[in-house]
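See below for query-v2.cif, which holds mmCIF, C-alpha atoms and all ligand atoms.
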data_upload
#
loop_
_atom_site.label_atom_id
_atom_site.label_comp_id
_atom_site.auth_asym_id
_atom_site.auth_seq_id
_atom_site.Cartn_x
_atom_site.Cartn_y
_atom_site.Cartn_z
CA MET A 218 -35.39 19.26 -0.07
CA SER A 219 -31.65 19.58 0.43
CA ALA A 220 -29.08 17.94 2.66
CA THR A 221 -28.07 21.20 4.40
CA TYR A 222 -28.86 19.81 7.81
CA LEU A 223 -27.06 16.50 7.32
CA MET A 224 -23.42 16.04 8.25
CA PRO A 225 -21.55 15.54 4.98
CA THR A 226 -20.15 12.11 5.86
CA TYR A 227 -21.18 10.65 2.50
CA ASN A 228 -20.67 11.64 -1.13
CA ARG A 229 -24.23 10.94 -2.17
CA GLN A 230 -25.34 10.15 -5.70
CA PRO A 231 -27.80 12.64 -7.23
CA ILE A 232 -30.76 10.29 -7.04
CA SER A 233 -33.13 8.94 -4.43
CA PHE A 234 -35.60 6.12 -4.38
CA THR A 235 -39.08 6.05 -2.95
CA ARG A 236 -40.00 2.40 -3.28
CA GLY A 237 -38.36 -1.00 -3.58
CA ALA A 238 -39.53 -4.50 -4.51
CA GLY A 239 -37.30 -7.55 -4.92
CA SER A 240 -34.33 -6.66 -7.13
CA TRP A 241 -35.76 -3.27 -8.10
CA LEU A 242 -35.69 0.29 -6.78
CA TYR A 243 -38.06 2.98 -8.06
CA THR A 244 -37.73 6.77 -8.17
CA ALA A 245 -40.63 9.09 -7.40
CA ASN A 246 -41.64 9.06 -11.08
CA ASP A 247 -41.55 5.26 -10.99
CA THR A 248 -38.43 4.68 -13.12
CA PRO A 249 -37.14 1.20 -12.23
CA TYR A 250 -33.46 0.60 -11.41
CA LEU A 251 -32.00 -2.88 -11.22
CA ASP A 252 -30.28 -3.09 -7.84
CA ALA A 253 -27.04 -5.08 -7.92
CA LEU A 254 -25.90 -3.57 -4.61
CA THR A 255 -28.89 -4.10 -2.26
CA GLY A 256 -28.07 -1.35 0.19
CA ILE A 257 -24.45 -2.56 0.41
CA ALA A 258 -25.08 -6.29 0.89
CA VAL A 259 -27.98 -5.71 3.26
CA CYS A 260 -31.25 -6.60 1.51
CA GLY A 261 -30.20 -10.15 0.61
CA LEU A 262 -33.81 -11.32 0.29
CA GLY A 263 -34.60 -8.37 -1.97
CA HIS A 264 -36.34 -5.12 -1.09
CA CYS A 265 -39.44 -5.37 1.09
CA HIS A 266 -39.54 -9.17 1.20
CA PRO A 267 -43.16 -10.05 2.10
CA LYS A 268 -42.21 -12.29 5.06
CA VAL A 269 -39.99 -9.61 6.58
CA THR A 270 -42.57 -6.89 5.94
CA GLU A 271 -45.20 -9.04 7.65
CA ALA A 272 -42.93 -9.62 10.67
CA ILE A 273 -42.25 -5.88 11.01
CA GLN A 274 -45.92 -4.94 10.63
CA GLN A 275 -47.24 -7.52 13.06
CA GLN A 276 -44.62 -6.93 15.72
CA ALA A 277 -44.81 -3.12 15.38
CA ALA A 278 -48.49 -3.41 16.25
CA THR A 279 -47.85 -5.83 19.14
CA LEU A 280 -44.72 -4.85 21.11
CA VAL A 281 -41.66 -2.94 19.94
CA HIS A 282 -39.38 -2.60 22.97
CA THR A 283 -39.17 -3.55 26.62
CA SER A 284 -35.36 -3.45 27.28
CA ASN A 285 -33.17 -6.35 28.30
CA LEU A 286 -34.27 -6.03 31.91
CA PHE A 287 -36.97 -8.54 30.96
CA GLY A 288 -37.21 -11.83 29.17
CA ILE A 289 -37.80 -11.39 25.43
CA ASP A 290 -39.43 -14.39 23.83
CA TRP A 291 -38.58 -13.40 20.24
CA GLN A 292 -34.95 -12.77 21.22
CA GLU A 293 -34.72 -16.31 22.58
CA ARG A 294 -36.29 -17.70 19.42
CA ALA A 295 -34.03 -15.64 17.15
CA GLY A 296 -31.02 -16.63 19.25
CA GLU A 297 -31.77 -20.34 18.93
CA ALA A 298 -32.36 -20.01 15.19
CA LEU A 299 -29.19 -18.05 14.55
CA CYS A 300 -26.95 -20.20 16.75
CA THR A 301 -28.30 -23.31 15.04
CA ALA A 302 -27.57 -21.84 11.61
CA ALA A 303 -24.11 -20.65 12.67
CA GLN A 304 -23.20 -23.72 14.78
CA MET A 305 -22.39 -21.42 17.69
CA ASP A 306 -23.38 -21.66 21.37
CA SER A 307 -24.83 -18.27 22.26
CA VAL A 308 -25.41 -14.79 20.89
CA PHE A 309 -25.38 -11.14 21.95
CA PHE A 310 -27.68 -8.98 19.83
CA ALA A 311 -26.46 -5.50 18.87
CA ASN A 312 -27.76 -2.94 16.37
CA SER A 313 -25.10 -2.83 13.67
CA GLY A 314 -22.02 -4.54 12.32
CA ALA A 315 -19.62 -2.22 14.11
CA GLU A 316 -21.35 -2.88 17.42
CA ALA A 317 -21.23 -6.63 16.89
CA ASN A 318 -17.51 -6.31 16.14
CA GLU A 319 -16.96 -4.04 19.12
CA ALA A 320 -18.39 -6.85 21.26
CA ALA A 321 -16.04 -9.36 19.61
CA LEU A 322 -12.98 -7.17 20.24
CA LYS A 323 -14.04 -6.59 23.84
CA LEU A 324 -14.33 -10.36 24.24
CA ALA A 325 -10.76 -10.73 22.97
CA ARG A 326 -9.52 -8.18 25.48
CA LEU A 327 -11.36 -9.85 28.33
CA TYR A 328 -9.91 -13.20 27.25
CA ALA A 329 -6.43 -11.65 27.34
CA HIS A 330 -7.11 -10.06 30.71
CA ASN A 331 -8.13 -13.42 32.15
CA LYS A 332 -4.88 -14.92 30.83
CA GLY A 333 -2.89 -12.16 32.51
CA LEU A 334 -1.67 -10.40 29.36
CA LYS A 335 -0.61 -6.80 29.92
CA ARG A 336 -1.11 -5.12 26.55
CA PRO A 337 -3.04 -7.57 24.35
CA LYS A 338 -2.93 -7.34 20.57
CA VAL A 339 -5.31 -8.65 17.94
CA ILE A 340 -4.04 -9.69 14.51
CA VAL A 341 -6.01 -8.00 11.72
CA MET A 342 -5.48 -7.81 7.96
CA GLU A 343 -4.39 -5.30 5.38
CA GLN A 344 -7.44 -4.03 3.41
CA SER A 345 -9.73 -5.07 6.29
CA PHE A 346 -12.95 -3.27 7.16
CA HIS A 347 -14.54 -3.77 10.57
CA GLY A 348 -16.61 -0.65 11.22
CA ARG A 349 -16.51 2.95 12.42
CA THR A 350 -16.51 2.86 16.22
CA LEU A 351 -13.14 3.77 17.70
CA LEU A 352 -12.03 0.20 18.33
CA THR A 353 -13.40 -1.20 15.05
CA VAL A 354 -11.99 1.66 12.97
CA SER A 355 -8.65 0.98 14.65
CA ALA A 356 -8.98 -2.61 13.39
CA THR A 357 -9.85 -1.28 9.92
CA ALA A 358 -7.04 -0.79 7.39
CA ASN A 359 -8.32 2.10 5.24
CA PRO A 360 -6.23 5.22 6.11
CA LYS A 361 -9.09 7.53 5.09
CA ALA A 362 -11.38 5.99 7.71
CA ARG A 363 -8.66 6.22 10.39
CA GLU A 364 -7.15 9.62 9.74
CA GLY A 365 -7.36 12.09 12.61
CA PHE A 366 -9.02 9.80 15.13
CA PHE A 367 -6.01 8.82 17.26
CA THR A 368 -6.74 5.18 16.48
CA LEU A 369 -5.64 2.53 18.95
CA ASP A 370 -2.84 1.23 16.76
CA GLU A 371 -0.89 -0.47 19.52
CA ASP A 372 -3.75 -2.86 20.09
CA PHE A 373 -3.49 -4.38 16.62
CA ILE A 374 -0.92 -6.13 14.44
CA ARG A 375 -1.63 -5.86 10.74
CA VAL A 376 -0.57 -8.61 8.34
CA PRO A 377 -1.24 -9.19 4.59
CA PHE A 378 -4.53 -10.99 3.91
CA GLY A 379 -3.97 -14.58 2.81
CA ASP A 380 -0.38 -14.74 4.06
CA ILE A 381 -0.15 -17.38 6.80
CA GLU A 382 3.64 -16.95 7.09
CA ALA A 383 3.10 -13.34 8.21
CA VAL A 384 0.91 -14.64 11.04
CA LYS A 385 3.62 -17.10 12.08
CA THR A 386 6.20 -14.32 12.09
CA ALA A 387 3.91 -12.12 14.20
CA ALA A 388 3.55 -15.00 16.67
CA GLN A 389 7.33 -15.14 17.05
CA ASN A 390 7.73 -11.40 17.49
CA HIS A 391 4.88 -10.72 19.91
CA LYS A 392 4.09 -12.61 23.08
CA ASP A 393 0.91 -10.70 23.88
CA ILE A 394 -1.35 -11.66 20.95
CA CYS A 395 -4.81 -12.82 22.05
CA ALA A 396 -6.82 -13.25 18.84
CA ILE A 397 -7.07 -13.15 15.06
CA PHE A 398 -9.96 -11.14 13.58
CA VAL A 399 -10.62 -11.61 9.88
CA GLU A 400 -13.28 -11.43 7.14
CA PRO A 401 -13.60 -14.72 5.16
CA ILE A 402 -13.81 -12.58 2.00
CA GLN A 403 -12.83 -8.92 2.32
CA GLY A 404 -15.83 -6.85 1.26
CA GLU A 405 -15.12 -3.12 1.48
CA GLY A 406 -11.39 -3.65 0.90
CA GLY A 407 -11.70 -4.90 -2.70
CA LEU A 408 -13.51 -8.24 -2.61
CA ASN A 409 -10.33 -10.09 -1.80
CA THR A 410 -10.30 -13.84 -1.47
CA ALA A 411 -7.27 -15.70 -0.11
CA TYR A 412 -5.16 -17.46 -2.78
CA ASN A 413 -6.19 -20.81 -1.33
CA GLY A 414 -9.81 -19.77 -0.77
CA PHE A 415 -11.40 -20.78 2.49
CA THR A 416 -8.51 -23.14 3.37
CA TYR A 417 -6.85 -19.98 4.67
CA LEU A 418 -9.38 -19.99 7.50
CA GLU A 419 -8.25 -23.47 8.51
CA GLU A 420 -4.62 -22.33 8.54
CA LEU A 421 -5.54 -19.34 10.70
CA GLN A 422 -7.48 -21.51 13.09
CA ALA A 423 -4.52 -23.88 13.40
CA GLU A 424 -2.34 -20.92 14.45
CA CYS A 425 -4.97 -19.87 16.98
CA ASP A 426 -5.10 -23.39 18.39
CA THR A 427 -1.30 -23.59 18.62
CA HIS A 428 -0.97 -20.31 20.50
CA GLY A 429 -4.21 -20.27 22.50
CA TRP A 430 -5.68 -17.28 20.63
CA LEU A 431 -9.33 -16.66 19.89
CA PHE A 432 -10.28 -17.26 16.26
CA MET A 433 -12.75 -14.51 15.42
CA LEU A 434 -14.57 -14.06 12.12
CA ASP A 435 -16.23 -10.89 10.86
CA GLU A 436 -19.12 -12.20 8.78
CA VAL A 437 -21.00 -8.90 8.89
CA GLN A 438 -21.07 -8.96 5.10
CA THR A 439 -20.41 -12.62 4.19
CA GLY A 440 -23.05 -14.04 6.55
CA ASN A 441 -26.73 -14.82 6.08
CA GLY A 442 -26.34 -16.77 2.85
CA ARG A 443 -24.45 -14.12 0.89
CA THR A 444 -21.67 -16.50 -0.24
CA GLY A 445 -23.95 -19.50 -0.74
CA LYS A 446 -23.66 -21.06 2.74
CA TYR A 447 -25.39 -19.63 5.78
CA PHE A 448 -21.99 -18.43 6.95
CA ALA A 449 -18.98 -18.31 4.65
CA TYR A 450 -16.74 -20.19 7.09
CA GLN A 451 -18.99 -23.23 6.59
CA GLN A 452 -17.30 -23.72 3.21
CA SER A 453 -14.19 -24.75 5.19
CA ASN A 454 -13.44 -27.09 8.08
CA ALA A 455 -12.60 -24.15 10.33
CA ARG A 456 -14.71 -23.35 13.41
CA PRO A 457 -14.56 -19.85 14.89
CA ASP A 458 -14.66 -19.07 18.63
CA VAL A 459 -16.33 -15.74 17.91
CA LEU A 460 -18.52 -14.95 14.90
CA THR A 461 -20.13 -11.62 14.10
CA THR A 462 -22.78 -10.74 11.56
CA ALA A 463 -25.15 -7.89 10.65
CA LYS A 464 -25.99 -6.58 7.14
CA GLY A 465 -28.19 -9.40 5.75
CA LEU A 466 -29.34 -10.37 9.23
CA GLY A 467 -32.32 -8.00 9.26
CA ASN A 468 -32.72 -7.47 5.48
CA GLY A 469 -32.58 -3.72 6.07
CA PHE A 470 -33.76 -3.60 9.66
CA PRO A 471 -30.73 -2.50 11.74
CA VAL A 472 -29.45 -5.40 13.81
CA GLY A 473 -26.14 -7.13 14.51
CA ALA A 474 -25.04 -10.24 16.34
CA CYS A 475 -21.91 -11.48 18.10
CA MET A 476 -21.86 -15.23 18.65
CA VAL A 477 -19.52 -17.34 20.76
CA ARG A 478 -18.48 -20.92 21.38
CA GLY A 479 -15.54 -22.79 22.87
CA HIS A 480 -12.96 -20.60 24.66
CA ALA A 481 -15.09 -17.52 24.20
CA LYS A 482 -18.29 -18.93 25.61
CA ASP A 483 -18.21 -17.85 29.24
CA LEU A 484 -16.36 -14.53 28.98
CA PHE A 485 -19.26 -12.08 29.22
CA GLY A 486 -21.32 -12.22 32.40
CA ALA A 487 -24.13 -10.06 33.79
CA GLY A 488 -23.10 -6.42 33.57
CA SER A 489 -19.99 -6.91 31.44
CA HIS A 490 -21.64 -5.88 28.18
CA GLY A 491 -24.99 -4.53 27.13
CA SER A 492 -27.20 -2.54 24.80
CA THR A 493 -30.46 -0.74 25.45
CA TYR A 494 -31.86 -1.64 22.05
CA GLY A 495 -30.04 -4.88 21.34
CA GLY A 496 -32.48 -7.69 20.52
CA THR A 497 -35.79 -5.83 20.88
CA PRO A 498 -38.90 -7.91 20.21
CA LEU A 499 -39.17 -6.12 16.86
CA ALA A 500 -35.55 -6.64 15.76
CA SER A 501 -35.57 -10.24 16.98
CA ARG A 502 -38.73 -11.12 15.14
CA VAL A 503 -37.23 -9.67 11.97
CA VAL A 504 -34.08 -11.78 12.46
CA HIS A 505 -36.27 -14.83 12.94
CA SER A 506 -38.24 -14.09 9.77
CA VAL A 507 -35.03 -13.79 7.72
CA TYR A 508 -33.84 -17.09 9.19
CA GLU A 509 -37.12 -18.77 8.24
CA VAL A 510 -36.84 -17.59 4.64
CA LEU A 511 -33.15 -18.55 4.34
CA SER A 512 -33.53 -21.99 5.88
CA ASN A 513 -36.85 -22.98 4.27
CA SER A 514 -36.09 -22.20 0.65
CA ASP A 515 -33.48 -22.85 -2.02
CA ILE A 516 -32.40 -19.22 -1.90
CA MET A 517 -28.75 -19.97 -1.03
CA GLU A 518 -28.49 -22.45 -3.93
CA ASN A 519 -30.01 -19.74 -6.11
CA SER A 520 -27.34 -17.32 -4.90
CA VAL A 521 -24.57 -19.73 -5.93
CA ARG A 522 -26.18 -20.53 -9.29
CA GLU A 523 -26.97 -16.95 -10.30
CA GLY A 524 -23.70 -15.57 -8.94
CA GLN A 525 -21.78 -18.08 -11.04
CA PHE A 526 -23.97 -17.33 -14.07
CA ILE A 527 -23.36 -13.57 -13.79
CA ARG A 528 -19.61 -13.97 -13.33
CA ASP A 529 -19.18 -16.55 -16.08
CA SER A 530 -21.33 -14.60 -18.54
CA ILE A 531 -19.52 -11.31 -18.01
CA THR A 532 -16.03 -12.80 -18.14
CA SER A 533 -16.80 -14.90 -21.22
CA GLU A 534 -18.48 -12.05 -23.11
CA LEU A 535 -15.55 -9.75 -22.33
CA GLN A 536 -12.96 -12.53 -22.63
CA GLN A 537 -10.81 -10.73 -25.20
CA TYR A 538 -10.15 -7.93 -22.69
CA GLY A 539 -8.80 -10.16 -19.96
CA ILE A 540 -11.53 -9.57 -17.39
CA SER A 541 -11.54 -11.86 -14.36
CA SER A 542 -13.93 -12.33 -11.46
CA ARG A 543 -13.75 -13.36 -7.84
CA GLY A 544 -15.94 -13.88 -4.79
CA ALA A 545 -18.55 -16.47 -3.84
CA GLY A 546 -22.31 -16.70 -4.21
CA THR A 547 -23.78 -13.25 -4.83
CA MET A 548 -20.73 -11.48 -3.40
CA MET A 549 -18.85 -10.76 -6.60
CA GLY A 550 -15.96 -8.71 -7.87
CA ILE A 551 -15.47 -8.14 -11.60
CA VAL A 552 -11.81 -7.24 -12.01
CA LEU A 553 -11.20 -4.71 -14.80
CA PRO A 554 -7.80 -3.76 -16.23
CA GLU A 555 -5.83 -1.59 -13.79
CA THR A 556 -5.22 0.94 -16.54
CA MET A 557 -8.96 1.53 -16.97
CA ASP A 558 -10.43 4.73 -15.58
CA CYS A 559 -13.41 3.50 -13.56
CA SER A 560 -14.26 6.75 -11.79
CA GLN A 561 -17.41 7.34 -13.88
CA LEU A 562 -18.64 3.74 -13.95
CA VAL A 563 -21.11 3.98 -11.08
CA ASP A 564 -22.70 7.11 -12.58
CA LEU A 565 -22.77 5.67 -16.09
CA ALA A 566 -24.34 2.42 -14.93
CA ARG A 567 -27.01 4.34 -13.05
CA ASP A 568 -27.80 6.99 -15.66
CA GLU A 569 -27.36 5.03 -18.87
CA ALA A 570 -28.24 1.50 -17.82
CA GLN A 571 -30.49 2.03 -14.76
CA LEU A 572 -28.19 -0.38 -12.93
CA ILE A 573 -26.98 0.16 -9.36
CA ILE A 574 -23.42 -1.04 -8.77
CA ASN A 575 -20.37 -0.10 -6.73
CA VAL A 576 -16.69 0.16 -7.61
CA THR A 577 -14.02 -0.71 -5.06
CA GLY A 578 -10.25 -0.84 -5.07
CA GLY A 579 -10.17 1.52 -8.05
CA HIS A 580 -10.96 -1.02 -10.77
CA ILE A 581 -13.15 -3.74 -9.28
CA ILE A 582 -16.89 -3.71 -9.94
CA ARG A 583 -18.64 -4.91 -6.85
CA LEU A 584 -21.89 -6.76 -7.42
CA LEU A 585 -24.11 -7.68 -4.47
CA PRO A 586 -27.53 -8.45 -5.96
CA PRO A 587 -30.26 -10.14 -3.90
CA LEU A 588 -29.68 -13.84 -3.21
CA ASN A 589 -33.01 -14.63 -4.85
CA ILE A 590 -32.33 -12.73 -8.08
CA SER A 591 -34.14 -14.38 -11.00
CA ARG A 592 -32.40 -15.70 -14.12
CA ASN A 593 -34.02 -12.98 -16.18
CA GLU A 594 -32.71 -10.31 -13.83
CA SER A 595 -29.25 -11.89 -13.83
CA GLU A 596 -29.28 -11.74 -17.61
CA GLN A 597 -30.19 -8.08 -17.42
CA VAL A 598 -27.30 -7.36 -15.03
CA VAL A 599 -24.94 -9.04 -17.51
CA GLU A 600 -26.44 -7.36 -20.58
CA ARG A 601 -26.41 -3.88 -19.05
CA LEU A 602 -22.86 -4.20 -17.75
CA VAL A 603 -21.41 -5.67 -20.92
CA LYS A 604 -23.02 -2.94 -23.01
CA LEU A 605 -21.58 -0.31 -20.71
CA LEU A 606 -18.09 -1.78 -20.44
CA THR A 607 -17.49 -2.73 -24.07
CA PRO A 608 -16.82 0.77 -25.47
CA ALA A 609 -14.52 1.65 -22.56
CA LEU A 610 -12.57 -1.59 -22.92
CA GLN A 611 -12.35 -1.13 -26.71
CA GLY A 612 -10.97 2.36 -26.13
CA LEU A 613 -8.30 0.90 -23.90
CA HIS A 614 -7.20 -1.58 -26.56
CA ARG A 615 -7.24 0.79 -29.50
C1 LIG B 1 -20.32 -3.22 6.78
C2 LIG B 1 -19.30 -3.94 7.56
C3 LIG B 1 -19.04 -3.62 8.90
C4 LIG B 1 -19.71 -2.46 9.62
O1 LIG B 1 -21.10 -2.63 9.73
P1 LIG B 1 -22.02 -1.38 10.16
O2 LIG B 1 -23.39 -1.98 10.26
O3 LIG B 1 -21.88 -0.38 9.07
O4 LIG B 1 -21.52 -0.88 11.44
C5 LIG B 1 -18.11 -4.39 9.58
N1 LIG B 1 -17.47 -5.39 8.98
C6 LIG B 1 -17.69 -5.73 7.70
C7 LIG B 1 -16.96 -6.90 7.10
C8 LIG B 1 -18.60 -5.00 6.93
O5 LIG B 1 -18.80 -5.31 5.65
#
Can the structure in the file be given as structure tokens, please?
Amino acid sequence: MSATYLMPTYNRQPISFTRGAGSWLYTANDTPYLDALTGIAVCGLGHCHPKVTEAIQQQAATLVHTSNLFGIDWQERAGEALCTAAQMDSVFFANSGAEANEAALKLARLYAHNKGLKRPKVIVMEQSFHGRTLLTVSATANPKAREGFFTLDEDFIRVPFGDIEAVKTAAQNHKDICAIFVEPIQGEGGLNTAYNGFTYLEELQAECDTHGWLFMLDEVQTGNGRTGKYFAYQQSNARPDVLTTAKGLGNGFPVGACMVRGHAKDLFGAGSHGSTYGGTPLASRVVHSVYEVLSNSDIMENSVREGQFIRDSITSELQQYGISSRGAGTMMGIVLPETMDCSQLVDLARDEAQLIINVTGGHIIRLLPPLNISRNESEQVVERLVKLLTPALQGLHR
């Protein structure tokens, strides 16, 4: 087969997989690849987790879709589960991260409208990624994603990530700000953590409280246990008004969620937002099954333990080359020297080490293995990466 009939929106790697199980992907001839990317932070419970597979199979044979014109028992159950885990009041189910974020940004605009603001602006960050719909790509920093789309730039104010003074300055210069929208750890934009970690979220919330803005978190990637807590913000004392998630939420089944509390709670009413597919019995049952696995196991502790093991092992084995690491749980960045040419790393890892990784920001290896990765598999990630990186790093220091 060829990709002739597919729009060329992706530079695809010259490989495809036919089967997955846990931390492993298999090609048609059954060659195993260790997956330290999990479909870009999606399959947090590993490929084809038995509980999720069972939920999909049973619900597919029972009832797939009725539309939101009717009560949906599984949607109510998934909603209660998710809001309990997230400490939020209510949820709108969408089908992707971008859609969940679109709902969040619409909430911010409605909030501004109700306050009588004329041209409301949302504060977003440099290096942010929020999705590909028109409004979410406008909130996104990456010029490549924005170019040519007449993005809605006037609706956003962009400040450096981690810089609370820049937010204070923006507050002085603009009277029509209605919200801050931020990722607790920036995923696509280089695995950036704020210099003061999650305390940054508390500082941002304080600004929101002072000025009456909505505090909105994009946990599309950091949610569902990825950083070691159910939601990353729970590592701080901050509390968002709006919280979005997707990626790990369905372990590969497409689903997103926008949750609200506090000021944001009563903004949407009947008819003000919607989705034909959002929260189908099938999607909702999958969400519920992921919740059951996450909340009834030590999988998040495992994510913290193994993430720390992988980071510590790699940085200590490559200590002489000044490698550092950042992130939380199994959302990890291995920071290589800026002078290193990393353009071939993804291909080399795949072809020579049967290891699936990603490189972001030019020189940062992005590792997003399953939360339930075993110690043996963690050791293999370390071993394969160290073997691959050593000659390149030696070359740099020659
Ligand atoms: C992936 C991602 C999105 C977009 O999610 P889609 O499901 O691709 O629409 C939005 N925000 C963050 C932080 C993401 O990582």
Query - d(CA of Gly261 in chain A, CA of Gly442 in chain A) in Å - result: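 Rounded to one decimal, the two atoms are 8.0 Å apart.
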Each residue of chain A with at least one atom at most 6 Å from ligand LIG 1 (chain B) should appear once, together with its nearest atom pair and the corresponding distance in Å (one decimal); atoms considered: only C-alpha atoms and all ligand atoms; ordering: chain, then increasing residue number; output as a tab-separated table.
residue	atom	partner	partner_atom	distance
A:Ser313	CA	B:LIG1	O2	3.9
A:Gly314	CA	B:LIG1	O1	3.3
A:Ala315	CA	B:LIG1	O4	3.5
A:Phe346	CA	B:LIG1	N1	5.3
A:His347	CA	B:LIG1	N1	3.7
A:Gly348	CA	B:LIG1	C4	3.9
A:Glu400	CA	B:LIG1	C7	5.8
A:Gly404	CA	B:LIG1	O5	5.5
A:Glu405	CA	B:LIG1	O5	6.0
A:Asp435	CA	B:LIG1	C7	5.5
A:Glu436	CA	B:LIG1	C7	6.0
A:Val437	CA	B:LIG1	C6	4.7
A:Gln438	CA	B:LIG1	O5	4.3
Dump as a tab-separated table (two decimals), in the frame of the given file, selection limited to C-alpha atoms:
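Written output follows (part_8.tsv):
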chain	number	residue	atom	x	y	z
A	313	SER	CA	-25.10	-2.83	13.67
A	314	GLY	CA	-22.02	-4.54	12.32
A	315	ALA	CA	-19.62	-2.22	14.11
A	346	PHE	CA	-12.95	-3.27	7.16
A	347	HIS	CA	-14.54	-3.77	10.57
A	348	GLY	CA	-16.61	-0.65	11.22
A	400	GLU	CA	-13.28	-11.43	7.14
A	404	GLY	CA	-15.83	-6.85	1.26
A	405	GLU	CA	-15.12	-3.12	1.48
A	435	ASP	CA	-16.23	-10.89	10.86
A	436	GLU	CA	-19.12	-12.20	8.78
A	437	VAL	CA	-21.00	-8.90	8.89
A	438	GLN	CA	-21.07	-8.96	5.10
**Report entry** Sel. within 9 Å of pt (-19.1, -7.5, -24.4), counting all atoms listed in the file, output as a PyMOL selection string
**Finding:** chain A and resi 531-537+600+602-608+610
Query raised in the report: Which one is closest to Asp306 in chain A: A:Arg567, A:Arg502, A:Arg456, A:Arg522? Count all atoms listed in the file.
Result: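 Closest candidate: A:Arg456.
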Query raised in the report: Could you name the residues that touch range 488-495 of chain A at 8 Å or less, counting all atoms listed in the file, but leaving out those on the same chain fewer than 5 positions away, as number ranges by chain?
Result: A: 282, 284-285, 309-312, 320, 472
